[in-house]
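Structure file protein_2.cif (mmCIF, C-alpha atoms) is printed below.
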data_upload
loop_
_atom_site.group_PDB
_atom_site.id
_atom_site.type_symbol
_atom_site.label_atom_id
_atom_site.label_comp_id
_atom_site.auth_asym_id
_atom_site.auth_seq_id
_atom_site.Cartn_x
_atom_site.Cartn_y
_atom_site.Cartn_z
ATOM 1 C CA MET A 3 20.682 51.904 -6.748
ATOM 2 C CA GLN A 4 19.823 50.147 -3.510
ATOM 3 C CA THR A 5 16.476 49.062 -4.933
ATOM 4 C CA ILE A 6 18.228 47.505 -7.945
ATOM 5 C CA LEU A 7 20.639 45.630 -5.674
ATOM 6 C CA ILE A 8 17.787 44.265 -3.562
ATOM 7 C CA PHE A 9 15.924 43.234 -6.697
ATOM 8 C CA ASN A 10 18.980 41.480 -8.107
ATOM 9 C CA TYR A 11 19.603 39.773 -4.769
ATOM 10 C CA ASN A 12 16.032 38.473 -4.676
ATOM 11 C CA ILE A 13 16.363 37.128 -8.194
ATOM 12 C CA PHE A 14 19.682 35.476 -7.337
ATOM 13 C CA HIS A 15 18.188 33.989 -4.165
ATOM 14 C CA GLN A 16 15.209 32.565 -6.040
ATOM 15 C CA LEU A 17 17.440 31.142 -8.769
ATOM 16 C CA THR A 18 19.649 29.501 -6.144
ATOM 17 C CA ILE A 19 16.645 27.849 -4.505
ATOM 18 C CA LEU A 20 15.315 26.747 -7.902
ATOM 19 C CA VAL A 21 18.647 25.194 -8.900
ATOM 20 C CA ALA A 22 18.958 23.427 -5.541
ATOM 21 C CA MET A 23 15.417 22.039 -5.774
ATOM 22 C CA ASN A 24 15.964 20.852 -9.351
ATOM 23 C CA PHE A 25 19.196 19.154 -8.256
ATOM 24 C CA LEU A 26 17.307 17.412 -5.439
ATOM 25 C CA TYR A 27 14.506 16.340 -7.793
ATOM 26 C CA GLU A 28 17.026 14.910 -10.248
ATOM 27 C CA LYS A 29 18.777 12.896 -7.517
ATOM 28 C CA ILE A 30 15.462 11.526 -6.239
ATOM 29 C CA THR A 31 14.416 10.554 -9.762
ATOM 30 C CA PHE A 32 17.857 9.037 -10.396
ATOM 31 C CA ILE A 33 17.400 6.732 -7.386
ATOM 32 C CA PHE A 34 13.685 5.985 -7.680
ATOM 33 C CA ASP A 35 13.279 5.212 -11.384
ATOM 34 C CA PRO A 36 15.835 2.332 -11.554
ATOM 35 C CA LEU A 37 14.349 0.797 -8.393
ATOM 36 C CA HIS A 38 10.855 1.052 -9.828
ATOM 37 C CA HIS A 39 11.966 -0.452 -13.130
ATOM 38 C CA PHE A 40 13.762 -3.275 -11.322
ATOM 39 C CA TRP A 41 10.727 -4.071 -9.163
ATOM 40 C CA GLU A 42 8.255 -4.050 -12.047
ATOM 41 C CA HIS A 43 10.478 -6.063 -14.392
ATOM 42 C CA GLU A 44 8.888 -9.257 -15.693
ATOM 43 C CA LYS A 45 11.949 -11.408 -14.896
ATOM 44 C CA LEU A 46 11.881 -10.360 -11.246
ATOM 45 C CA SER A 47 8.144 -11.068 -11.062
ATOM 46 C CA ARG A 48 8.730 -14.614 -12.320
ATOM 47 C CA LYS A 49 11.549 -15.190 -9.838
ATOM 48 C CA ILE A 50 9.379 -13.913 -6.987
ATOM 49 C CA SER A 51 6.537 -16.219 -8.057
ATOM 50 C CA ILE A 52 8.880 -19.228 -8.063
ATOM 51 C CA MET A 53 10.277 -18.238 -4.670
ATOM 52 C CA LEU A 54 6.745 -17.906 -3.314
ATOM 53 C CA VAL A 55 5.932 -21.475 -4.397
ATOM 54 C CA LEU A 56 9.145 -22.724 -2.773
ATOM 55 C CA PHE A 57 8.344 -20.778 0.388
ATOM 56 C CA PHE A 58 4.926 -22.427 0.617
ATOM 57 C CA VAL A 59 6.346 -25.917 0.073
ATOM 58 C CA LEU A 60 9.168 -25.358 2.564
ATOM 59 C CA SER A 61 6.666 -24.041 5.111
ATOM 60 C CA LEU A 62 4.635 -27.233 4.782
ATOM 61 C CA LEU A 63 7.777 -29.343 5.153
ATOM 62 C CA ALA A 64 8.898 -27.382 8.227
ATOM 63 C CA ILE A 65 5.488 -27.780 9.856
ATOM 64 C CA GLU A 66 5.455 -31.495 9.123
ATOM 65 C CA ALA A 67 8.987 -31.847 10.515
ATOM 66 C CA LYS A 68 7.881 -30.033 13.660
ATOM 67 C CA ARG A 69 4.934 -32.413 14.019
ATOM 68 C CA LEU A 70 7.241 -35.411 13.635
ATOM 69 C CA GLY A 71 9.622 -34.027 16.266
ATOM 70 C CA ILE A 72 12.495 -33.492 13.845
ATOM 71 C CA LEU A 73 12.602 -29.737 14.460
ATOM 72 C CA THR A 74 13.136 -29.125 18.167
ATOM 73 C CA GLY A 75 14.711 -26.501 20.373
ATOM 74 C CA PRO A 76 14.083 -22.800 20.956
ATOM 75 C CA LEU A 77 15.277 -21.903 17.464
ATOM 76 C CA PHE A 78 12.207 -23.528 15.911
ATOM 77 C CA SER A 79 9.707 -22.522 18.574
ATOM 78 C CA PHE A 80 8.063 -20.109 16.127
ATOM 79 C CA VAL A 81 7.233 -22.944 13.679
ATOM 80 C CA PRO A 82 3.558 -23.940 14.130
ATOM 81 C CA THR A 83 2.175 -27.456 14.015
ATOM 82 C CA ASN A 84 -0.909 -26.725 11.918
ATOM 83 C CA HIS A 85 -0.450 -27.069 8.159
ATOM 84 C CA PHE A 86 -3.011 -24.357 7.495
ATOM 85 C CA TYR A 87 -0.544 -21.789 8.853
ATOM 86 C CA ALA A 88 1.472 -22.268 5.651
ATOM 87 C CA ILE A 89 -1.433 -20.828 3.651
ATOM 88 C CA SER A 90 -1.609 -17.770 5.893
ATOM 89 C CA ALA A 91 2.162 -17.313 5.674
ATOM 90 C CA ALA A 92 2.111 -17.475 1.869
ATOM 91 C CA PHE A 93 -0.653 -14.870 1.651
ATOM 92 C CA THR A 94 1.260 -12.679 4.101
ATOM 93 C CA VAL A 95 4.222 -12.703 1.710
ATOM 94 C CA VAL A 96 1.895 -11.858 -1.196
ATOM 95 C CA LEU A 97 0.511 -8.979 0.864
ATOM 96 C CA ILE A 98 4.013 -7.684 1.641
ATOM 97 C CA LEU A 99 4.846 -7.700 -2.065
ATOM 98 C CA GLU A 100 1.656 -5.783 -2.846
ATOM 99 C CA VAL A 101 2.446 -3.178 -0.183
ATOM 100 C CA ILE A 102 5.855 -2.634 -1.782
ATOM 101 C CA SER A 103 4.095 -2.203 -5.130
ATOM 102 C CA LEU A 104 1.812 0.331 -3.447
ATOM 103 C CA VAL A 105 4.842 2.354 -2.344
ATOM 104 C CA PHE A 106 6.069 2.462 -5.946
ATOM 105 C CA THR A 107 2.575 3.493 -7.083
ATOM 106 C CA LEU A 108 2.451 6.593 -4.852
ATOM 107 C CA PRO A 109 4.130 8.877 -7.434
ATOM 108 C CA CYS A 110 1.293 8.059 -9.843
ATOM 109 C CA SER A 111 -2.019 9.875 -9.701
ATOM 110 C CA PHE A 112 -4.119 9.864 -6.539
ATOM 111 C CA SER A 113 -6.772 7.760 -8.245
ATOM 112 C CA ARG A 114 -4.256 5.066 -9.265
ATOM 113 C CA SER A 115 -2.768 4.982 -5.771
ATOM 114 C CA VAL A 116 -6.225 4.598 -4.225
ATOM 115 C CA GLY A 117 -7.036 1.778 -6.640
ATOM 116 C CA LYS A 118 -3.883 -0.041 -5.550
ATOM 117 C CA GLN A 119 -4.961 0.257 -1.936
ATOM 118 C CA PHE A 120 -8.315 -1.322 -2.751
ATOM 119 C CA GLU A 121 -6.413 -4.176 -4.387
ATOM 120 C CA ILE A 122 -4.514 -4.630 -1.124
ATOM 121 C CA LEU A 123 -7.747 -4.471 0.876
ATOM 122 C CA SER A 124 -9.250 -7.323 -1.168
ATOM 123 C CA LEU A 125 -6.097 -9.384 -0.618
ATOM 124 C CA ILE A 126 -6.171 -8.661 3.116
ATOM 125 C CA LEU A 127 -9.756 -9.881 3.353
ATOM 126 C CA LEU A 128 -8.758 -13.077 1.531
ATOM 127 C CA ARG A 129 -5.792 -13.444 3.858
ATOM 128 C CA ASN A 130 -8.088 -13.057 6.870
ATOM 129 C CA ALA A 131 -10.331 -15.783 5.483
ATOM 130 C CA PHE A 132 -7.402 -18.168 5.132
ATOM 131 C CA LYS A 133 -6.077 -17.209 8.568
ATOM 132 C CA GLU A 134 -9.290 -18.558 10.054
ATOM 133 C CA LEU A 135 -8.227 -21.997 8.818
ATOM 134 C CA SER A 136 -5.413 -21.994 11.368
ATOM 135 C CA LYS A 137 -8.076 -22.282 14.070
ATOM 136 C CA PHE A 138 -9.426 -25.519 12.570
ATOM 137 C CA PRO A 139 -8.134 -28.870 13.754
ATOM 138 C CA GLU A 140 -6.627 -31.482 11.474
ATOM 139 C CA PRO A 141 -8.407 -33.247 9.886
ATOM 140 C CA LEU A 142 -10.818 -30.441 8.980
ATOM 141 C CA THR A 143 -14.166 -30.539 10.803
ATOM 142 C CA PHE A 144 -17.203 -28.280 10.791
ATOM 143 C CA HIS A 145 -18.548 -29.018 14.258
ATOM 144 C CA GLY A 146 -17.401 -26.475 16.810
ATOM 145 C CA ASN A 147 -16.054 -24.110 14.136
ATOM 146 C CA GLN A 148 -19.281 -22.479 13.009
ATOM 147 C CA GLU A 149 -18.143 -18.983 13.999
ATOM 148 C CA ALA A 150 -14.910 -19.370 12.042
ATOM 149 C CA VAL A 151 -16.886 -20.534 9.002
ATOM 150 C CA LEU A 152 -19.076 -17.413 9.192
ATOM 151 C CA ARG A 153 -15.994 -15.207 9.333
ATOM 152 C CA ILE A 154 -14.543 -17.032 6.321
ATOM 153 C CA LEU A 155 -17.756 -16.403 4.394
ATOM 154 C CA SER A 156 -17.818 -12.758 5.464
ATOM 155 C CA ASP A 157 -14.211 -12.057 4.494
ATOM 156 C CA GLY A 158 -14.426 -14.122 1.300
ATOM 157 C CA PHE A 159 -17.568 -12.494 -0.053
ATOM 158 C CA GLY A 160 -16.316 -9.117 1.191
ATOM 159 C CA ALA A 161 -13.117 -9.557 -0.827
ATOM 160 C CA LEU A 162 -15.189 -10.513 -3.879
ATOM 161 C CA LEU A 163 -17.434 -7.441 -3.544
ATOM 162 C CA VAL A 164 -14.448 -5.111 -3.085
ATOM 163 C CA PHE A 165 -12.851 -6.745 -6.138
ATOM 164 C CA GLY A 166 -16.016 -6.086 -8.148
ATOM 165 C CA LEU A 167 -16.285 -2.482 -6.946
ATOM 166 C CA LEU A 168 -12.625 -2.016 -7.829
ATOM 167 C CA GLY A 169 -13.482 -2.930 -11.420
ATOM 168 C CA CYS A 170 -16.250 -0.309 -11.381
ATOM 169 C CA TYR A 171 -13.809 2.192 -9.898
ATOM 170 C CA TYR A 172 -11.331 1.678 -12.738
ATOM 171 C CA LEU A 173 -14.133 1.929 -15.327
ATOM 172 C CA VAL A 174 -15.232 5.377 -14.168
ATOM 173 C CA GLN A 175 -11.696 6.763 -14.031
ATOM 174 C CA THR A 176 -10.916 9.643 -16.352
ATOM 175 C CA LYS A 177 -7.789 11.487 -17.384
ATOM 176 C CA ALA A 178 -5.625 12.230 -14.358
ATOM 177 C CA ALA A 179 -5.900 15.767 -13.032
ATOM 178 C CA GLU A 180 -2.109 16.014 -12.904
ATOM 179 C CA LYS A 181 -1.985 15.967 -16.717
ATOM 180 C CA ALA A 182 -3.349 19.525 -16.766
ATOM 181 C CA MET A 183 -0.387 20.871 -14.768
ATOM 182 C CA ARG A 184 2.510 22.725 -16.322
ATOM 183 C CA PRO A 185 5.420 20.405 -17.216
ATOM 184 C CA THR A 186 7.757 22.033 -14.685
ATOM 185 C CA ASP A 187 5.189 21.789 -11.893
ATOM 186 C CA LEU A 188 4.317 18.223 -12.851
ATOM 187 C CA TYR A 189 7.986 17.202 -12.744
ATOM 188 C CA ALA A 190 8.469 18.790 -9.325
ATOM 189 C CA PHE A 191 5.237 17.281 -7.961
ATOM 190 C CA VAL A 192 6.065 13.772 -9.161
ATOM 191 C CA ALA A 193 9.655 14.067 -7.893
ATOM 192 C CA ALA A 194 8.382 15.121 -4.462
ATOM 193 C CA LYS A 195 6.111 12.074 -4.363
ATOM 194 C CA LYS A 196 9.017 9.865 -5.417
ATOM 195 C CA GLY A 197 11.022 11.218 -2.474
ATOM 196 C CA ILE A 198 8.172 10.349 -0.117
ATOM 197 C CA ALA A 199 7.932 6.879 -1.682
ATOM 198 C CA LEU A 200 11.653 6.258 -1.111
ATOM 199 C CA THR A 201 11.282 7.335 2.524
ATOM 200 C CA LEU A 202 8.296 5.019 2.935
ATOM 201 C CA LEU A 203 10.241 2.142 1.407
ATOM 202 C CA GLY A 204 13.022 2.647 3.954
ATOM 203 C CA ILE A 205 10.511 2.757 6.828
ATOM 204 C CA PHE A 206 8.796 -0.386 5.537
ATOM 205 C CA ILE A 207 12.069 -2.309 5.302
ATOM 206 C CA TYR A 208 13.074 -1.222 8.819
ATOM 207 C CA MET A 209 9.711 -2.203 10.311
ATOM 208 C CA GLY A 210 9.758 -5.534 8.482
ATOM 209 C CA LEU A 211 13.242 -6.429 9.707
ATOM 210 C CA HIS A 212 12.329 -5.402 13.247
ATOM 211 C CA SER A 213 9.210 -7.603 13.136
ATOM 212 C CA LEU A 214 11.193 -10.537 11.700
ATOM 213 C CA THR A 215 13.814 -10.201 14.447
ATOM 214 C CA ALA A 216 11.123 -10.162 17.123
ATOM 215 C CA THR A 217 9.496 -13.259 15.624
ATOM 216 C CA LEU A 218 12.745 -15.216 15.511
ATOM 217 C CA ALA A 219 13.507 -14.172 19.088
ATOM 218 C CA GLY A 220 10.079 -15.314 20.268
ATOM 219 C CA ARG A 221 8.998 -11.847 21.425
ATOM 220 C CA GLU A 222 5.381 -10.772 21.164
ATOM 221 C CA HIS A 223 4.780 -7.935 18.728
ATOM 222 C CA THR A 224 1.989 -6.429 16.698
ATOM 223 C CA ASP A 225 1.575 -7.002 12.986
ATOM 224 C CA PHE A 226 3.999 -4.571 11.377
ATOM 225 C CA LEU A 227 1.724 -4.275 8.345
ATOM 226 C CA HIS A 228 -0.956 -2.654 10.502
ATOM 227 C CA GLN A 229 1.665 -0.317 11.958
ATOM 228 C CA PHE A 230 2.745 0.607 8.448
ATOM 229 C CA TYR A 231 -0.858 1.415 7.523
ATOM 230 C CA THR A 232 -0.768 4.097 10.227
ATOM 231 C CA VAL A 233 2.288 5.578 8.521
ATOM 232 C CA LEU A 234 0.381 5.492 5.227
ATOM 233 C CA ILE A 235 -2.460 7.528 6.753
ATOM 234 C CA LEU A 236 -0.026 10.302 7.665
ATOM 235 C CA THR A 237 1.561 10.002 4.226
ATOM 236 C CA ASP A 238 -1.788 10.477 2.497
ATOM 237 C CA ILE A 239 -2.362 13.719 4.391
ATOM 238 C CA LEU A 240 1.159 14.880 3.525
ATOM 239 C CA LEU A 241 0.546 14.153 -0.160
ATOM 240 C CA VAL A 242 -2.700 16.149 -0.068
ATOM 241 C CA LEU A 243 -0.890 19.128 1.435
ATOM 242 C CA ILE A 244 1.931 18.884 -1.102
ATOM 243 C CA SER A 245 -0.532 18.616 -3.974
ATOM 244 C CA GLN A 246 -2.176 21.821 -2.782
ATOM 245 C CA CYS A 247 1.106 23.633 -3.503
ATOM 246 C CA PHE A 248 0.827 22.636 -7.162
ATOM 247 C CA GLN A 249 -2.978 22.371 -7.493
ATOM 248 C CA PRO A 250 -4.487 25.045 -5.235
ATOM 249 C CA SER A 251 -7.957 24.992 -6.814
ATOM 250 C CA PHE A 252 -10.916 23.970 -4.671
ATOM 251 C CA TYR A 253 -11.776 21.140 -7.087
ATOM 252 C CA ALA A 254 -8.334 19.534 -6.853
ATOM 253 C CA VAL A 255 -8.075 19.973 -3.080
ATOM 254 C CA PHE A 256 -11.514 18.461 -2.476
ATOM 255 C CA ARG A 257 -10.886 15.572 -4.883
ATOM 256 C CA ASN A 258 -7.501 14.677 -3.415
ATOM 257 C CA SER A 259 -8.771 15.063 0.159
ATOM 258 C CA GLY A 260 -11.713 12.821 -0.692
ATOM 259 C CA PHE A 261 -9.416 10.105 -1.960
ATOM 260 C CA ALA A 262 -7.362 10.452 1.241
ATOM 261 C CA LEU A 263 -10.569 9.991 3.243
ATOM 262 C CA SER A 264 -11.413 6.801 1.348
ATOM 263 C CA THR A 265 -7.976 5.381 2.191
ATOM 264 C CA LEU A 266 -8.516 6.398 5.826
ATOM 265 C CA ILE A 267 -11.722 4.342 5.853
ATOM 266 C CA ILE A 268 -9.721 1.438 4.438
ATOM 267 C CA ARG A 269 -7.240 1.680 7.318
ATOM 268 C CA ILE A 270 -10.107 1.744 9.845
ATOM 269 C CA ALA A 271 -11.522 -1.350 8.137
ATOM 270 C CA LEU A 272 -8.228 -3.156 8.639
ATOM 271 C CA ALA A 273 -8.403 -2.524 12.378
ATOM 272 C CA ALA A 274 -12.110 -3.327 12.666
ATOM 273 C CA PRO A 275 -13.479 -6.679 13.918
ATOM 274 C CA PRO A 276 -15.014 -9.256 11.553
ATOM 275 C CA TYR A 277 -18.108 -8.189 9.600
ATOM 276 C CA TYR A 278 -17.461 -4.497 10.324
ATOM 277 C CA ASN A 279 -14.232 -4.666 8.307
ATOM 278 C CA VAL A 280 -16.182 -5.775 5.241
ATOM 279 C CA LEU A 281 -18.828 -3.065 5.653
ATOM 280 C CA LEU A 282 -16.188 -0.366 6.047
ATOM 281 C CA GLY A 283 -14.247 -1.669 3.046
ATOM 282 C CA LEU A 284 -17.364 -1.600 0.877
ATOM 283 C CA ALA A 285 -18.206 1.896 2.144
ATOM 284 C CA ALA A 286 -14.708 3.112 1.200
ATOM 285 C CA ALA A 287 -14.999 1.647 -2.305
ATOM 286 C CA ILE A 288 -18.462 3.119 -2.893
ATOM 287 C CA PHE A 289 -17.288 6.496 -1.590
ATOM 288 C CA ALA A 290 -14.325 6.491 -4.012
ATOM 289 C CA ILE A 291 -16.588 5.560 -6.945
ATOM 290 C CA LEU A 292 -19.114 8.295 -6.123
ATOM 291 C CA LEU A 293 -16.311 10.817 -5.661
ATOM 292 C CA THR A 294 -14.869 9.915 -9.060
ATOM 293 C CA LEU A 295 -18.250 10.122 -10.787
ATOM 294 C CA THR A 296 -19.119 13.434 -9.136
ATOM 295 C CA SER A 297 -15.768 15.051 -9.901
ATOM 296 C CA SER A 298 -15.649 13.839 -13.512
ATOM 297 C CA ARG A 299 -19.281 14.310 -14.525
ATOM 298 C CA LEU A 300 -20.101 17.528 -12.676
ATOM 299 C CA PHE A 301 -16.694 19.197 -12.493
ATOM 300 C CA GLY A 302 -14.843 17.495 -15.325
ATOM 301 C CA LYS A 303 -14.939 20.523 -17.630
ATOM 302 C CA LYS A 304 -13.414 22.688 -14.905
#
Could you express the structure from this file as structure tokens?
Amino acid sequence: MQTILIFNYNIFHQLTILVAMNFLYEKITFIFDPLHHFWEHEKLSRKISIMLVLFFVLSLLAIEAKRLGILTGPLFSFVPTNHFYAISAAFTVVLILEVISLVFTLPCSFSRSVGKQFEILSLILLRNAFKELSKFPEPLTFHGNQEAVLRILSDGFGALLVFGLLGCYYLVQTKAAEKAMRPTDLYAFVAAKKGIALTLLGIFIYMGLHSLTATLAGREHTDFLHQFYTVLILTDILLVLISQCFQPSFYAVFRNSGFALSTLIIRIALAAPPYYNVLLGLAAAIFAILLTLTSSRLFGKK
């Protein structure tokens, strides 16, 4: 009799946990899916594009007004006097939008998430190339800026090579490993990743507002995007560990861990000095391509 009671209690306890987890997954999905749909909607994309053009034009006007002495006082101390800063600012906004898209991509397969991060890496290299323009005087001259020109060439061609390797990466992609999971496990796994994505979105918004406040107040601070990349490194490891709960096979663990390593190399590239950042970015892309080819061609049938 006691054994039956213990057995029934264990079943009841497991059912309670299952119902609670399903309730949590449903709430996460209920919050995440409308946000994702809203962000990816075509109308919002058009509005953001128009706002980006206006932001660039207004940045140029603000810089010109600062040069003419119209904008004065501590409130406008953060406005530069070099028009080329407007280009860097516009690409920074583009990069922020792509990072938000990356957060919404996390619940997708590991391979798709990694591809999105290579897209961001190529944009960052382009942004770095344009940021070098802020060191040039107006009007633009070559003499005395040879080192900046070399860095522009390095970042520009590096972005192009990463862009090309990204195309190769997408070509060698196969059916996502998650498709082979049971429907119940797949739903729970995707819901867990959606919960992590929502948490990341909150952290990103907080860090962005904190950085904006520091900029307006004239306080020195580090680029919050680079700080957020550190959070992404920890998130990648967390996703690998969570995936192991649903995909415990050696093949899946190695594949997912390999993709996490390629994103780690990307983050190191972002913190590396000129020239090394390009080499590390190319190494990360080649590593991801070789990992995909090896896992699909040699272990695909498994």
query = Which protein, DNA or RNA residues have an atom at most 12 Å from (10.6, -2.2, -6.9), counting only C-alpha atoms? List them as a ChimeraX atom specification.
reply = /A:33-44,46-47,50,99-107,199-200,203
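Computed from the coordinates, the atom CA of A:Arg221 to atom CA of A:Ile207 distance equals 19.0 Å.
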task = Name the residues that the PyMOL selection byres ((chain A and resi 114-122) around 10) picks from the file above, as a PyMOL selection string, using the file's chain letters and numbers.
result = chain A and resi 96-101+103-113+123-128+161+164-165+167-169+171-172+175+178+238+261-262+264-265+268-269+283-284+286-287+290
task = Can you work out the spacing between atom CA of A:Ala88 and atom CA of A:Gly204 in Å, to one decimal?
result = 27.5 Å
key: Nearest to A:Phe248 by atom-to-atom distance, counting all atoms listed in the file, from A:Phe191, A:Phe206, A:Thr217, A:Lys137   = A:Phe191
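For the pair atom CA of A:Phe301 and atom CA of A:Ala285, the interatomic distance is 22.7 Å.
For the residues A:Tyr27, A:Phe132, A:Tyr208, A:Phe256, ranking by smallest atom-to-atom distance to A:Ala193 using all atoms listed in the file places A:Tyr27 first.
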Write out, as CSV, each residue of stretch 92-179 of chain A that has an atom at most 7 Å from stretch 272-281 of chain A, together with the closest pair of atoms and their distance in Å to one decimal, counting all atoms listed in the file, rows going by chain and rising number.
residue,atom,partner,partner_atom,distance
A:Arg153,CA,A:Pro276,CA,6.4
A:Ser156,CA,A:Tyr277,CA,6.2
A:Asp157,CA,A:Val280,CA,6.6
A:Gly160,CA,A:Val280,CA,5.3
task = Translate the PyMOL selection byres ((chain A and resi 83) around 6), as applied to the file shown, into an explicit residue set as a ChimeraX atom specification.
result = /A:65,69,82,84
Could the residues in this selection be written to a file with C-alpha atoms, as a short mmCIF file (atom, residue, chain, number, x, y, z; two decimals), in the coordinates of the input?
data_model
loop_
_atom_site.label_atom_id
_atom_site.label_comp_id
_atom_site.auth_asym_id
_atom_site.auth_seq_id
_atom_site.Cartn_x
_atom_site.Cartn_y
_atom_site.Cartn_z
CA ILE A 65 5.49 -27.78 9.86
CA ARG A 69 4.93 -32.41 14.02
CA PRO A 82 3.56 -23.94 14.13
CA ASN A 84 -0.91 -26.72 11.92
#
